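Below is the file upload_15.pdb, which contains PDB, C-alpha atoms and all ligand atoms.
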MODEL        1
ATOM      1  CA  MET F  22      11.798   6.608 -22.441
ATOM      2  CA  LYS F  23      14.188   4.086 -20.974
ATOM      3  CA  ALA F  24      14.051   1.835 -17.905
ATOM      4  CA  THR F  25      15.823  -1.225 -16.507
ATOM      5  CA  ALA F  26      14.214  -3.896 -14.346
ATOM      6  CA  THR F  27      15.491  -7.081 -12.756
ATOM      7  CA  ALA F  28      13.229 -10.052 -11.904
ATOM      8  CA  GLY F  29      13.749 -13.516 -10.452
ATOM      9  CA  SER F  30      12.521 -16.743 -11.992
ATOM     10  CA  ASN F  31      10.267 -18.990  -9.919
ATOM     11  CA  ILE F  32       9.849 -22.653  -9.097
ATOM     12  CA  ALA F  33       6.296 -23.966  -8.882
ATOM     13  CA  ILE F  34       5.285 -26.136  -5.930
ATOM     14  CA  VAL F  35       1.818 -26.579  -7.487
ATOM     15  CA  LYS F  36       2.279 -26.474 -11.250
ATOM     16  CA  TYR F  37       0.403 -24.743 -14.036
ATOM     17  CA  TRP F  38      -0.194 -27.348 -16.729
ATOM     18  CA  GLY F  39      -3.067 -26.860 -19.165
ATOM     19  CA  ALA F  40      -4.794 -23.635 -20.218
ATOM     20  CA  ARG F  41      -8.501 -22.859 -20.300
ATOM     21  CA  ASP F  42      -7.751 -20.046 -22.770
ATOM     22  CA  ALA F  43      -4.484 -20.425 -24.687
ATOM     23  CA  ALA F  44      -4.612 -16.947 -26.261
ATOM     24  CA  LEU F  45      -4.965 -15.193 -22.885
ATOM     25  CA  ASN F  46      -2.864 -17.733 -20.957
ATOM     26  CA  LEU F  47      -5.725 -18.345 -18.541
ATOM     27  CA  PRO F  48      -4.751 -21.511 -16.646
ATOM     28  CA  ALA F  49      -6.932 -24.539 -16.008
ATOM     29  CA  ASN F  50      -5.835 -24.493 -12.345
ATOM     30  CA  GLY F  51      -4.326 -22.230  -9.718
ATOM     31  CA  SER F  52      -0.623 -22.612  -8.925
ATOM     32  CA  ILE F  53       1.838 -21.691  -6.168
ATOM     33  CA  SER F  54       5.545 -20.916  -6.527
ATOM     34  CA  LEU F  55       8.618 -19.468  -4.878
ATOM     35  CA  THR F  56      10.270 -16.537  -6.631
ATOM     36  CA  LEU F  57      14.029 -17.168  -6.804
ATOM     37  CA  ASP F  58      16.867 -14.800  -5.915
ATOM     38  CA  ALA F  59      19.869 -16.094  -7.856
ATOM     39  CA  ALA F  60      18.158 -16.956 -11.150
ATOM     40  CA  ARG F  61      17.408 -13.496 -12.527
ATOM     41  CA  THR F  62      16.800 -11.644 -15.747
ATOM     42  CA  THR F  63      17.782  -7.987 -16.103
ATOM     43  CA  THR F  64      16.181  -6.097 -18.978
ATOM     44  CA  THR F  65      16.551  -2.576 -20.335
ATOM     45  CA  VAL F  66      13.836  -1.216 -22.619
ATOM     46  CA  ARG F  67      14.446   1.977 -24.591
ATOM     47  CA  PHE F  68      11.620   3.364 -26.723
ATOM     48  CA  ASP F  69      13.202   5.376 -29.509
ATOM     49  CA  PRO F  70      11.413   6.994 -32.476
ATOM     50  CA  ALA F  71      14.678   6.812 -34.440
ATOM     51  CA  LEU F  72      14.449   2.985 -34.547
ATOM     52  CA  LYS F  73      12.815   1.412 -37.618
ATOM     53  CA  SER F  74      11.448  -1.566 -35.686
ATOM     54  CA  ASP F  75      11.829  -3.394 -32.375
ATOM     55  CA  ALA F  76      15.209  -5.013 -31.726
ATOM     56  CA  LEU F  77      16.257  -7.615 -29.157
ATOM     57  CA  VAL F  78      19.723  -8.199 -27.713
ATOM     58  CA  LEU F  79      19.716 -11.409 -25.683
ATOM     59  CA  ASN F  80      22.827 -12.066 -23.556
ATOM     60  CA  GLY F  81      24.828  -9.679 -25.765
ATOM     61  CA  ARG F  82      23.637 -11.103 -29.082
ATOM     62  CA  GLU F  83      21.227  -9.484 -31.520
ATOM     63  CA  THR F  84      18.347 -11.962 -31.758
ATOM     64  CA  GLY F  85      15.470 -12.165 -34.256
ATOM     65  CA  GLY F  86      12.966 -14.882 -35.118
ATOM     66  CA  ALA F  87      10.425 -16.225 -32.674
ATOM     67  CA  ALA F  88      12.071 -14.635 -29.600
ATOM     68  CA  LEU F  89      11.868 -11.124 -31.095
ATOM     69  CA  ALA F  90       8.299 -11.742 -32.327
ATOM     70  CA  HIS F  91       7.267 -12.817 -28.808
ATOM     71  CA  VAL F  92       8.893  -9.740 -27.230
ATOM     72  CA  SER F  93       7.395  -7.402 -29.873
ATOM     73  CA  ALA F  94       3.917  -8.820 -29.338
ATOM     74  CA  HIS F  95       4.318  -8.172 -25.621
ATOM     75  CA  LEU F  96       5.551  -4.607 -26.194
ATOM     76  CA  ASP F  97       2.501  -4.046 -28.434
ATOM     77  CA  ARG F  98       0.224  -4.772 -25.446
ATOM     78  CA  LEU F  99       2.049  -2.197 -23.324
ATOM     79  CA  ARG F 100       2.202   0.328 -26.193
ATOM     80  CA  ALA F 101      -1.543  -0.081 -26.718
ATOM     81  CA  PHE F 102      -2.042   0.574 -23.001
ATOM     82  CA  ALA F 103       0.061   3.754 -23.209
ATOM     83  CA  GLY F 104      -1.344   4.812 -26.591
ATOM     84  CA  VAL F 105       2.070   5.045 -28.279
ATOM     85  CA  ARG F 106       3.564   3.346 -31.343
ATOM     86  CA  VAL F 107       7.302   3.920 -30.817
ATOM     87  CA  PRO F 108       9.691   0.989 -31.522
ATOM     88  CA  ALA F 109      11.970  -0.253 -28.740
ATOM     89  CA  LEU F 110      15.409  -1.703 -28.200
ATOM     90  CA  VAL F 111      15.269  -4.472 -25.586
ATOM     91  CA  GLU F 112      18.537  -5.624 -24.022
ATOM     92  CA  THR F 113      18.193  -8.591 -21.723
ATOM     93  CA  ALA F 114      20.548 -10.919 -19.867
ATOM     94  CA  ASN F 115      20.096 -13.893 -17.566
ATOM     95  CA  THR F 116      22.295 -14.764 -14.581
ATOM     96  CA  PHE F 117      21.794 -18.445 -15.380
ATOM     97  CA  PRO F 118      22.343 -20.535 -18.516
ATOM     98  CA  GLU F 119      19.369 -20.970 -20.830
ATOM     99  CA  GLY F 120      18.024 -24.490 -20.985
ATOM    100  CA  ALA F 121      19.152 -25.102 -17.405
ATOM    101  CA  GLY F 122      15.642 -25.989 -16.304
ATOM    102  CA  ILE F 123      15.064 -22.556 -14.848
ATOM    103  CA  ALA F 124      12.199 -20.722 -16.464
ATOM    104  CA  SER F 125      13.861 -17.811 -18.264
ATOM    105  CA  SER F 126      10.459 -16.941 -19.738
ATOM    106  CA  ALA F 127       9.082 -16.308 -16.232
ATOM    107  CA  SER F 128      11.849 -13.914 -15.148
ATOM    108  CA  GLY F 129      12.143 -12.584 -18.709
ATOM    109  CA  PHE F 130       8.527 -11.517 -19.152
ATOM    110  CA  ALA F 131       8.320 -10.211 -15.576
ATOM    111  CA  ALA F 132      11.395  -8.002 -16.145
ATOM    112  CA  LEU F 133      10.208  -6.939 -19.613
ATOM    113  CA  THR F 134       6.760  -5.968 -18.328
ATOM    114  CA  VAL F 135       8.096  -3.942 -15.398
ATOM    115  CA  ALA F 136      10.819  -2.218 -17.478
ATOM    116  CA  ALA F 137       8.550  -1.425 -20.461
ATOM    117  CA  ALA F 138       5.748  -0.107 -18.215
ATOM    118  CA  ALA F 139       8.227   2.197 -16.441
ATOM    119  CA  ALA F 140       9.817   3.360 -19.720
ATOM    120  CA  LEU F 141       6.346   4.255 -21.020
ATOM    121  CA  GLY F 142       5.532   6.127 -17.812
ATOM    122  CA  LEU F 143       2.631   3.776 -17.000
ATOM    123  CA  ARG F 144       1.756   3.664 -13.319
ATOM    124  CA  LEU F 145       0.416   0.149 -12.912
ATOM    125  CA  SER F 146      -0.405  -1.797  -9.764
ATOM    126  CA  GLU F 147       1.320  -5.115  -8.984
ATOM    127  CA  ARG F 148      -1.916  -6.842  -9.964
ATOM    128  CA  GLU F 149      -2.009  -5.124 -13.376
ATOM    129  CA  LEU F 150       1.685  -5.847 -13.983
ATOM    130  CA  SER F 151       1.167  -9.507 -13.009
ATOM    131  CA  ALA F 152      -1.803  -9.907 -15.379
ATOM    132  CA  LEU F 153       0.167  -8.259 -18.195
ATOM    133  CA  ALA F 154       3.259 -10.426 -17.579
ATOM    134  CA  ARG F 155       0.962 -13.477 -17.776
ATOM    135  CA  LEU F 156       0.130 -12.614 -21.398
ATOM    136  CA  GLY F 157       3.846 -12.990 -22.262
ATOM    137  CA  SER F 158       4.279 -16.300 -20.430
ATOM    138  CA  GLY F 159       1.786 -17.743 -17.937
ATOM    139  CA  SER F 160       4.223 -18.456 -15.117
ATOM    140  CA  ALA F 161       5.716 -14.921 -15.452
ATOM    141  CA  CYS F 162       2.715 -13.538 -13.527
ATOM    142  CA  ARG F 163       4.079 -15.259 -10.397
ATOM    143  CA  SER F 164       7.534 -13.674 -10.865
ATOM    144  CA  VAL F 165       5.974 -10.195 -10.516
ATOM    145  CA  VAL F 166       5.398 -11.118  -6.856
ATOM    146  CA  GLY F 167       8.244 -11.601  -4.358
ATOM    147  CA  GLY F 168       8.575 -14.706  -2.181
ATOM    148  CA  TRP F 169       5.735 -17.229  -2.100
ATOM    149  CA  ALA F 170       3.193 -16.447  -4.813
ATOM    150  CA  GLU F 171      -0.177 -17.852  -5.802
ATOM    151  CA  TRP F 172      -1.640 -17.399  -9.274
ATOM    152  CA  LEU F 173      -5.398 -16.949  -9.016
ATOM    153  CA  PRO F 174      -6.601 -18.552 -12.253
ATOM    154  CA  GLY F 175      -9.540 -16.207 -12.932
ATOM    155  CA  THR F 176     -11.841 -16.310 -15.927
ATOM    156  CA  ARG F 177     -10.915 -13.020 -17.651
ATOM    157  CA  HIS F 178      -7.677 -11.157 -18.307
ATOM    158  CA  GLU F 179      -8.174  -8.771 -15.379
ATOM    159  CA  ASP F 180      -8.758 -11.416 -12.724
ATOM    160  CA  SER F 181      -5.954 -13.854 -13.611
ATOM    161  CA  TYR F 182      -2.876 -12.674 -11.687
ATOM    162  CA  ALA F 183      -0.600 -13.620  -8.801
ATOM    163  CA  VAL F 184      -0.738 -12.525  -5.171
ATOM    164  CA  GLN F 185       1.767 -12.953  -2.361
ATOM    165  CA  ILE F 186       1.183 -15.701   0.218
ATOM    166  CA  ALA F 187       4.296 -14.758   2.225
ATOM    167  CA  PRO F 188       7.330 -12.505   1.633
ATOM    168  CA  PRO F 189      10.776 -13.973   0.859
ATOM    169  CA  GLU F 190      12.035 -13.477   4.431
ATOM    170  CA  HIS F 191       9.127 -15.535   5.825
ATOM    171  CA  TRP F 192      10.902 -18.845   5.163
ATOM    172  CA  ASP F 193      14.365 -19.617   3.844
ATOM    173  CA  VAL F 194      13.733 -22.661   1.660
ATOM    174  CA  ARG F 195      16.506 -23.371  -0.856
ATOM    175  CA  ASP F 196      16.251 -24.711  -4.381
ATOM    176  CA  LEU F 197      19.386 -26.435  -5.704
ATOM    177  CA  VAL F 198      18.895 -26.838  -9.422
ATOM    178  CA  ALA F 199      20.699 -29.966 -10.594
ATOM    179  CA  VAL F 200      21.397 -29.544 -14.307
ATOM    180  CA  VAL F 201      21.633 -32.838 -16.193
ATOM    181  CA  SER F 202      21.109 -31.407 -19.695
ATOM    182  CA  THR F 203      21.130 -27.948 -21.248
ATOM    183  CA  GLU F 204      19.627 -28.983 -24.585
ATOM    184  CA  ALA F 205      16.610 -26.922 -25.650
ATOM    185  CA  LYS F 206      13.383 -28.844 -25.082
ATOM    186  CA  ALA F 207      11.810 -30.395 -28.174
ATOM    187  CA  VAL F 208       8.261 -29.419 -27.158
ATOM    188  CA  PRO F 209       7.794 -25.938 -25.659
ATOM    189  CA  SER F 210       5.457 -25.606 -22.684
ATOM    190  CA  ALA F 211       2.880 -23.691 -24.785
ATOM    191  CA  LYS F 212       2.380 -26.842 -26.875
ATOM    192  CA  GLY F 213       2.192 -28.948 -23.724
ATOM    193  CA  HIS F 214      -0.538 -26.751 -22.217
ATOM    194  CA  GLU F 215      -2.626 -27.287 -25.387
ATOM    195  CA  ARG F 216      -2.190 -31.041 -25.096
ATOM    196  CA  ALA F 217      -2.876 -31.439 -21.378
ATOM    197  CA  ALA F 218      -6.655 -31.846 -21.658
ATOM    198  CA  SER F 219      -6.177 -34.842 -23.982
ATOM    199  CA  SER F 220      -4.938 -36.860 -20.988
ATOM    200  CA  PRO F 221      -7.641 -39.063 -19.435
ATOM    201  CA  LEU F 222      -6.083 -38.131 -16.085
ATOM    202  CA  PHE F 223      -6.472 -34.372 -16.544
ATOM    203  CA  GLN F 224      -9.838 -33.922 -14.791
ATOM    204  CA  ALA F 225      -8.561 -36.028 -11.896
ATOM    205  CA  ARG F 226      -5.499 -33.763 -11.624
ATOM    206  CA  LEU F 227      -7.701 -30.652 -11.511
ATOM    207  CA  ARG F 228      -9.701 -32.139  -8.637
ATOM    208  CA  GLU F 229      -6.492 -33.149  -6.848
ATOM    209  CA  VAL F 230      -5.018 -29.629  -7.236
ATOM    210  CA  GLU F 231      -8.132 -28.108  -5.605
ATOM    211  CA  GLY F 232      -7.180 -29.953  -2.422
ATOM    212  CA  ARG F 233      -3.441 -29.422  -2.784
ATOM    213  CA  LEU F 234      -3.565 -25.626  -3.054
ATOM    214  CA  PRO F 235      -4.863 -25.004   0.506
ATOM    215  CA  ALA F 236      -2.499 -27.673   1.866
ATOM    216  CA  VAL F 237       0.516 -25.961   0.228
ATOM    217  CA  ARG F 238      -0.653 -22.545   1.441
ATOM    218  CA  ARG F 239      -0.848 -23.960   4.970
ATOM    219  CA  ALA F 240       2.577 -25.650   4.749
ATOM    220  CA  ILE F 241       4.107 -22.308   3.696
ATOM    221  CA  LEU F 242       2.401 -20.277   6.422
ATOM    222  CA  GLU F 243       3.321 -22.866   9.092
ATOM    223  CA  ARG F 244       6.842 -23.375   7.663
ATOM    224  CA  ASP F 245       6.222 -27.130   7.562
ATOM    225  CA  PHE F 246       9.029 -28.319   5.293
ATOM    226  CA  HIS F 247       8.076 -31.997   5.282
ATOM    227  CA  ALA F 248       4.479 -31.164   4.292
ATOM    228  CA  LEU F 249       5.673 -28.765   1.587
ATOM    229  CA  GLY F 250       8.126 -31.297   0.178
ATOM    230  CA  VAL F 251       5.651 -34.183   0.052
ATOM    231  CA  LEU F 252       3.103 -31.934  -1.697
ATOM    232  CA  ALA F 253       5.723 -30.614  -4.159
ATOM    233  CA  GLU F 254       6.817 -34.116  -5.167
ATOM    234  CA  ALA F 255       3.213 -35.303  -5.518
ATOM    235  CA  ASP F 256       2.327 -32.348  -7.726
ATOM    236  CA  ALA F 257       5.398 -32.718  -9.958
ATOM    237  CA  LEU F 258       4.656 -36.436 -10.461
ATOM    238  CA  SER F 259       0.994 -35.636 -11.162
ATOM    239  CA  MET F 260       1.932 -33.055 -13.825
ATOM    240  CA  HIS F 261       4.381 -35.468 -15.461
ATOM    241  CA  ALA F 262       1.664 -38.159 -15.411
ATOM    242  CA  ILE F 263      -0.492 -35.775 -17.474
ATOM    243  CA  MET F 264       2.392 -35.271 -19.890
ATOM    244  CA  LEU F 265       2.977 -39.036 -20.228
ATOM    245  CA  THR F 266      -0.706 -39.732 -20.910
ATOM    246  CA  SER F 267      -1.375 -36.836 -23.320
ATOM    247  CA  ALA F 268      -1.944 -37.487 -27.011
ATOM    248  CA  PRO F 269       0.728 -37.470 -28.338
ATOM    249  CA  PRO F 270       2.633 -38.191 -25.113
ATOM    250  CA  LEU F 271       5.336 -35.966 -23.716
ATOM    251  CA  LEU F 272       8.372 -37.291 -21.856
ATOM    252  CA  TYR F 273      10.766 -34.632 -20.594
ATOM    253  CA  TRP F 274      12.793 -36.931 -18.339
ATOM    254  CA  LEU F 275      16.199 -38.423 -19.096
ATOM    255  CA  PRO F 276      17.715 -41.449 -17.335
ATOM    256  CA  ALA F 277      19.619 -38.992 -15.091
ATOM    257  CA  THR F 278      16.297 -37.417 -14.037
ATOM    258  CA  VAL F 279      15.059 -40.776 -12.739
ATOM    259  CA  GLU F 280      18.430 -41.439 -11.075
ATOM    260  CA  LEU F 281      18.120 -38.138  -9.222
ATOM    261  CA  ILE F 282      14.558 -38.870  -8.065
ATOM    262  CA  ARG F 283      15.835 -42.121  -6.556
ATOM    263  CA  GLN F 284      18.849 -40.380  -5.004
ATOM    264  CA  VAL F 285      16.652 -37.739  -3.358
ATOM    265  CA  TRP F 286      14.457 -40.461  -1.865
ATOM    266  CA  GLN F 287      17.597 -42.303  -0.664
ATOM    267  CA  TRP F 288      19.123 -39.170   0.921
ATOM    268  CA  ARG F 289      15.850 -38.467   2.652
ATOM    269  CA  ALA F 290      15.750 -41.999   4.031
ATOM    270  CA  GLU F 291      19.219 -41.242   5.437
ATOM    271  CA  GLY F 292      17.850 -38.163   7.216
ATOM    272  CA  LEU F 293      18.582 -35.261   4.832
ATOM    273  CA  PRO F 294      15.679 -32.823   4.385
ATOM    274  CA  CYS F 295      15.353 -32.822   0.584
ATOM    275  CA  TYR F 296      12.507 -33.182  -1.912
ATOM    276  CA  PHE F 297      12.438 -32.866  -5.696
ATOM    277  CA  THR F 298      10.323 -31.035  -8.186
ATOM    278  CA  ILE F 299      10.659 -31.040 -11.982
ATOM    279  CA  ASP F 300       9.301 -28.594 -14.581
ATOM    280  CA  ALA F 301       8.897 -29.151 -18.311
ATOM    281  CA  GLY F 302      12.430 -30.468 -18.766
ATOM    282  CA  PRO F 303      14.890 -33.082 -17.496
ATOM    283  CA  ASN F 304      16.560 -31.027 -14.765
ATOM    284  CA  VAL F 305      15.731 -31.570 -11.119
ATOM    285  CA  HIS F 306      15.058 -28.854  -8.541
ATOM    286  CA  ILE F 307      15.984 -30.064  -5.080
ATOM    287  CA  LEU F 308      14.169 -28.265  -2.298
ATOM    288  CA  THR F 309      16.083 -28.208   0.949
ATOM    289  CA  LEU F 310      16.834 -26.121   4.059
ATOM    290  CA  PRO F 311      19.890 -23.865   4.595
ATOM    291  CA  GLN F 312      21.677 -26.172   7.062
ATOM    292  CA  ALA F 313      21.440 -29.102   4.634
ATOM    293  CA  VAL F 314      22.665 -27.202   1.540
ATOM    294  CA  PRO F 315      26.389 -28.182   1.923
ATOM    295  CA  HIS F 316      25.452 -31.848   2.387
ATOM    296  CA  VAL F 317      23.018 -32.004  -0.540
ATOM    297  CA  ALA F 318      25.429 -30.032  -2.751
ATOM    298  CA  ALA F 319      28.331 -32.396  -1.894
ATOM    299  CA  ARG F 320      26.222 -35.411  -2.812
ATOM    300  CA  LEU F 321      25.117 -33.791  -6.050
ATOM    301  CA  ARG F 322      28.718 -32.928  -6.969
ATOM    302  CA  ALA F 323      29.652 -36.607  -6.566
ATOM    303  CA  LEU F 324      27.190 -37.667  -9.286
ATOM    304  CA  PRO F 325      28.887 -37.803 -12.698
ATOM    305  CA  TYR F 326      25.709 -36.937 -14.605
ATOM    306  CA  VAL F 327      25.085 -33.657 -12.735
ATOM    307  CA  GLN F 328      26.717 -31.022 -14.954
ATOM    308  CA  GLN F 329      26.060 -28.012 -12.791
ATOM    309  CA  ILE F 330      24.336 -26.967  -9.570
ATOM    310  CA  ILE F 331      22.583 -23.594  -9.386
ATOM    311  CA  PRO F 332      21.835 -22.657  -5.761
ATOM    312  CA  CYS F 333      18.777 -20.430  -5.285
ATOM    313  CA  GLY F 334      16.789 -19.062  -2.367
ATOM    314  CA  PRO F 335      13.669 -16.937  -1.947
ATOM    315  CA  GLY F 336      13.795 -13.772  -4.021
ATOM    316  CA  PRO F 337      12.096 -10.351  -3.952
ATOM    317  CA  ALA F 338       9.619  -8.807  -6.374
ATOM    318  CA  PRO F 339      11.098  -7.250  -9.532
ATOM    319  CA  ARG F 340      12.694  -3.865  -9.011
ATOM    320  CA  LEU F 341      13.653  -0.985 -11.219
ATOM    321  CA  ILE F 342      17.342  -0.166 -11.434
ATOM    322  CA  PRO F 343      17.770   3.636 -11.427
ATOM    323  CA  ASN F 344      19.218   5.434 -14.452
ATOM    324  CA  GLY F 345      18.851   2.477 -16.767
ATOM    325  CA  ALA F 346      22.161   0.734 -16.044
TER
HETATM  326  O1  LIG A   1       4.698 -20.293 -18.193
HETATM  327  P1  LIG A   1       4.820 -21.473 -19.077
HETATM  328  O2  LIG A   1       3.855 -21.478 -20.214
HETATM  329  O3  LIG A   1       6.243 -21.682 -19.552
HETATM  330  O4  LIG A   1       4.439 -22.782 -18.220
HETATM  331  C1  LIG A   1       5.128 -23.173 -17.064
HETATM  332  C2  LIG A   1       4.987 -24.625 -16.877
HETATM  333  C3  LIG A   1       5.771 -25.229 -15.725
HETATM  334  O5  LIG A   1       7.005 -24.562 -15.533
HETATM  335  C4  LIG A   1       6.063 -26.681 -16.083
HETATM  336  C5  LIG A   1       4.967 -25.225 -14.423
HETATM  337  C6  LIG A   1       4.849 -23.908 -13.706
HETATM  338  O6  LIG A   1       3.778 -23.674 -13.118
HETATM  339  O7  LIG A   1       5.808 -23.119 -13.673
ENDMDL
END
What is this structure when it is put down as structure tokens?
Amino acid sequence: MKATATAGSNIAIVKYWGARDAALNLPANGSISLTLDAARTTTTVRFDPALKSDALVLNGRETGGAALAHVSAHLDRLRAFAGVRVPALVETANTFPEGAGIASSASGFAALTVAAAAALGLRLSERELSALARLGSGSACRSVVGGWAEWLPGTRHEDSYAVQIAPPEHWDVRDLVAVVSTEAKAVPSAKGHERAASSPLFQARLREVEGRLPAVRRAILERDFHALGVLAEADALSMHAIMLTSAPPLLYWLPATVELIRQVWQWRAEGLPCYFTIDAGPNVHILTLPQAVPHVAARLRALPYVQQIIPCGPGPAPRLIPNGA
């Protein structure tokens, strides 16, 4: 009863911010993302009756507390599905540093769901795996799908899951993650989702997203990078406007975040194809095209406040690694 799965994180072009049901992670709006190749989590799950309780080894370190509780709660859902009560050892590692502004919860819960389902011998469809991953972390449902993914918000557990808009090979858009801080965020996204509806701008954002979703879908299908980039920046700024106007307010940006926004606009004015997007943290994802990667990377390296650059491209759906490596 052992299986290993690897899954990529994802970067949202249209963001999930605000839940209509916090317990089920049903989102207030649909969202669209690109699953990433280089930012991955690999997880081995071994169900073993000899274990007293669940155990978690995260990047080589035995981990308890909230992280183990979150993983255990997720395993309980899969155990309930399979009708077993056996404890599990979960060993998980990321290819990227935690706190780097790459959602480890997205790749983490996608990999955990796929590995645990396989270890339990459950034969689940992509849709069922996506809905289950969503219960661990909302955005994880999009990481169960390769390439360009759309999360259909739904109104019940079964109909809130992600589907593929286009496979990874459809369009080689790159995401250079510019890390300006690796400190853990003070307010986790779960708390932010709860607070979103307190913003007087929230209903306006929901209306705006209704129009943005088809426009982003179209930009992806037509490989229109300028359209995609403009929409991605507008959506990131809209989500951060909700954060800034929530009660109490949330400000994830640092001075370096604002510097980078201005730099990206400057580089674009100079002719480089680059656009930014920012999740619930200070780090900046720079969307660009393959031929511009060396130029954007060189400019990023010249900025003293950029600590690290993590280059990513479109990634596949999670896959099982044979023999539980
Ligand atoms: O999946 P969560 O609860 O960590 O929320 C993700 C929130 C954002 O990363 C900011 C946006 C998104 O859609 O990925």
Students should find that CA of Ala24 (chain F) and CA of Ala94 (chain F) are spaced 18.6 Å
What's around region 70-77 of chain F at 7 Å? Count only C-alpha atoms, leave out sequence neighbours fewer than 3 positions away in its own chain, and write the answer as a list of chain:residue names. F:Glu83, F:Thr84, F:Gly85, F:Leu89, F:Ser93, F:Val107, F:Pro108, F:Ala109, F:Leu110, F:Val111, F:Glu112
Resolved residues for the PyMOL selection byres (((chain F and resi 160) around 10) and not hetatm) as JSON, numbers by chain: {"F": [30, 31, 32, 33, 36, 37, 46, 48, 52, 53, 54, 124, 126, 127, 128, 130, 131, 151, 154, 155, 156, 157, 158, 159, 161, 162, 163, 164, 165, 172, 182, 183]}
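Minimum atom-to-atom distance to ligand LIG 1 (chain A), evaluated using only C-alpha atoms and all ligand atoms, belongs to F:Asp42 out of F:Glu229, F:Glu147, F:Asp42, F:Glu190.
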When you count all atoms listed in the file, which of these residues is closest to Ile307 (chain F): F:Arg289, F:Arg67, F:Arg144, F:Arg228? F:Arg289
Mind pulling up the distance from CA of Lys206 (chain F) to CA of Asn304 (chain F)? 11.0 Å
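From CA of Thr25 (chain F) back to CA of Ile331 (chain F), the distance works out to 24.4 Å.
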Residues of region 125-226 of chain F within 10 Å of region 333-339 of chain F: nearest atom pair and distance (Å, one decimal) for each, counting only C-alpha atoms, sorted by chain and number, as CSV?
residue,atom,partner,partner_atom,distance
F:Ser128,CA,F:Pro339,CA,8.7
F:Ala131,CA,F:Pro339,CA,7.3
F:Ala132,CA,F:Pro339,CA,6.7
F:Thr134,CA,F:Pro339,CA,9.9
F:Val135,CA,F:Pro339,CA,7.4
F:Ala136,CA,F:Pro339,CA,9.4
F:Glu147,CA,F:Ala338,CA,9.5
F:Arg163,CA,F:Ala338,CA,9.4
F:Ser164,CA,F:Ala338,CA,6.9
F:Val165,CA,F:Ala338,CA,5.7
F:Val166,CA,F:Ala338,CA,4.8
F:Gly167,CA,F:Ala338,CA,3.7
F:Gly168,CA,F:Pro335,CA,5.6
F:Trp169,CA,F:Pro335,CA,7.9
F:Gln185,CA,F:Ala338,CA,9.7
F:Pro188,CA,F:Pro337,CA,7.7
F:Pro189,CA,F:Pro335,CA,5.0
F:Glu190,CA,F:Pro335,CA,7.4
F:His191,CA,F:Pro335,CA,9.1
F:Trp192,CA,F:Pro335,CA,7.9
F:Asp193,CA,F:Pro335,CA,6.4
F:Val194,CA,F:Gly334,CA,6.2
F:Arg195,CA,F:Gly334,CA,4.6
F:Asp196,CA,F:Cys333,CA,5.1
F:Leu197,CA,F:Cys333,CA,6.1
F:Val198,CA,F:Cys333,CA,7.6
Within 9 Å of Ala211 (chain F), counting all atoms listed in the file, which residues qualify if same-chain residues fewer than 6 places away don't, as a ChimeraX atom specification? /F:39-40,43,158
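Comparing the minimum interatomic distances between Ala88 (chain F) and each of F:Leu308, F:Pro221, F:Ser125, F:Ile342, counting all atoms listed in the file, we find that F:Ser125 sits nearest.
The closest residue to Tyr273 (chain F), picked from F:Ser202, F:Thr64, F:Ser181, F:Thr113 and counting all atoms listed in the file, is F:Ser202.
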Set up a box along x, y and z of the file covering all listed atoms of ligand LIG 1 (chain A), add 3 Å on every one of the six sides, and write the centre and edge lengths in Å to one decimal, as lines of an AutoDock Vina configuration file.
center_x = 5.4
center_y = -23.5
center_z = -16.7
size_x = 9.2
size_y = 12.4
size_z = 13.1
From the list F:Arg41, F:Lys23, F:Arg238, F:Arg100, the nearest residue to His214 (chain F) using all atoms listed in the file is F:Arg41
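Among F:Gln312, F:Thr298, F:Gln224, F:Asn344, the residue with the shortest atom-to-atom distance to ligand LIG 1 (chain A), counting all atoms listed in the file, is F:Thr298.
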Suppose a student applies the PyMOL selection byres (((chain F and resi 239-252) around 9) and not hetatm) to this structure; what residues should they get, written as a PyMOL selection string? chain F and resi 34-35+169+186-187+191-192+194+233-238+253-257+294-298+308-310
Writing out the chosen residues with C-alpha atoms as a short mmCIF file (atom, residue, chain, number, x, y, z; two decimals), in the coordinates of the input:
data_model
loop_
_atom_site.label_atom_id
_atom_site.label_comp_id
_atom_site.auth_asym_id
_atom_site.auth_seq_id
_atom_site.Cartn_x
_atom_site.Cartn_y
_atom_site.Cartn_z
CA ILE F 34 5.28 -26.14 -5.93
CA VAL F 35 1.82 -26.58 -7.49
CA TRP F 169 5.74 -17.23 -2.10
CA ILE F 186 1.18 -15.70 0.22
CA ALA F 187 4.30 -14.76 2.22
CA HIS F 191 9.13 -15.54 5.82
CA TRP F 192 10.90 -18.84 5.16
CA VAL F 194 13.73 -22.66 1.66
CA ARG F 233 -3.44 -29.42 -2.78
CA LEU F 234 -3.56 -25.63 -3.05
CA PRO F 235 -4.86 -25.00 0.51
CA ALA F 236 -2.50 -27.67 1.87
CA VAL F 237 0.52 -25.96 0.23
CA ARG F 238 -0.65 -22.54 1.44
CA ALA F 253 5.72 -30.61 -4.16
CA GLU F 254 6.82 -34.12 -5.17
CA ALA F 255 3.21 -35.30 -5.52
CA ASP F 256 2.33 -32.35 -7.73
CA ALA F 257 5.40 -32.72 -9.96
CA PRO F 294 15.68 -32.82 4.38
CA CYS F 295 15.35 -32.82 0.58
CA TYR F 296 12.51 -33.18 -1.91
CA PHE F 297 12.44 -32.87 -5.70
CA THR F 298 10.32 -31.04 -8.19
CA LEU F 308 14.17 -28.26 -2.30
CA THR F 309 16.08 -28.21 0.95
CA LEU F 310 16.83 -26.12 4.06
#
May I have the residues within 9 Å of Leu272 (chain F) as a PyMOL selection string, using all atoms listed in the file and disregarding those fewer than 5 positions away in the same chain? chain F and resi 261+264-265+301-303
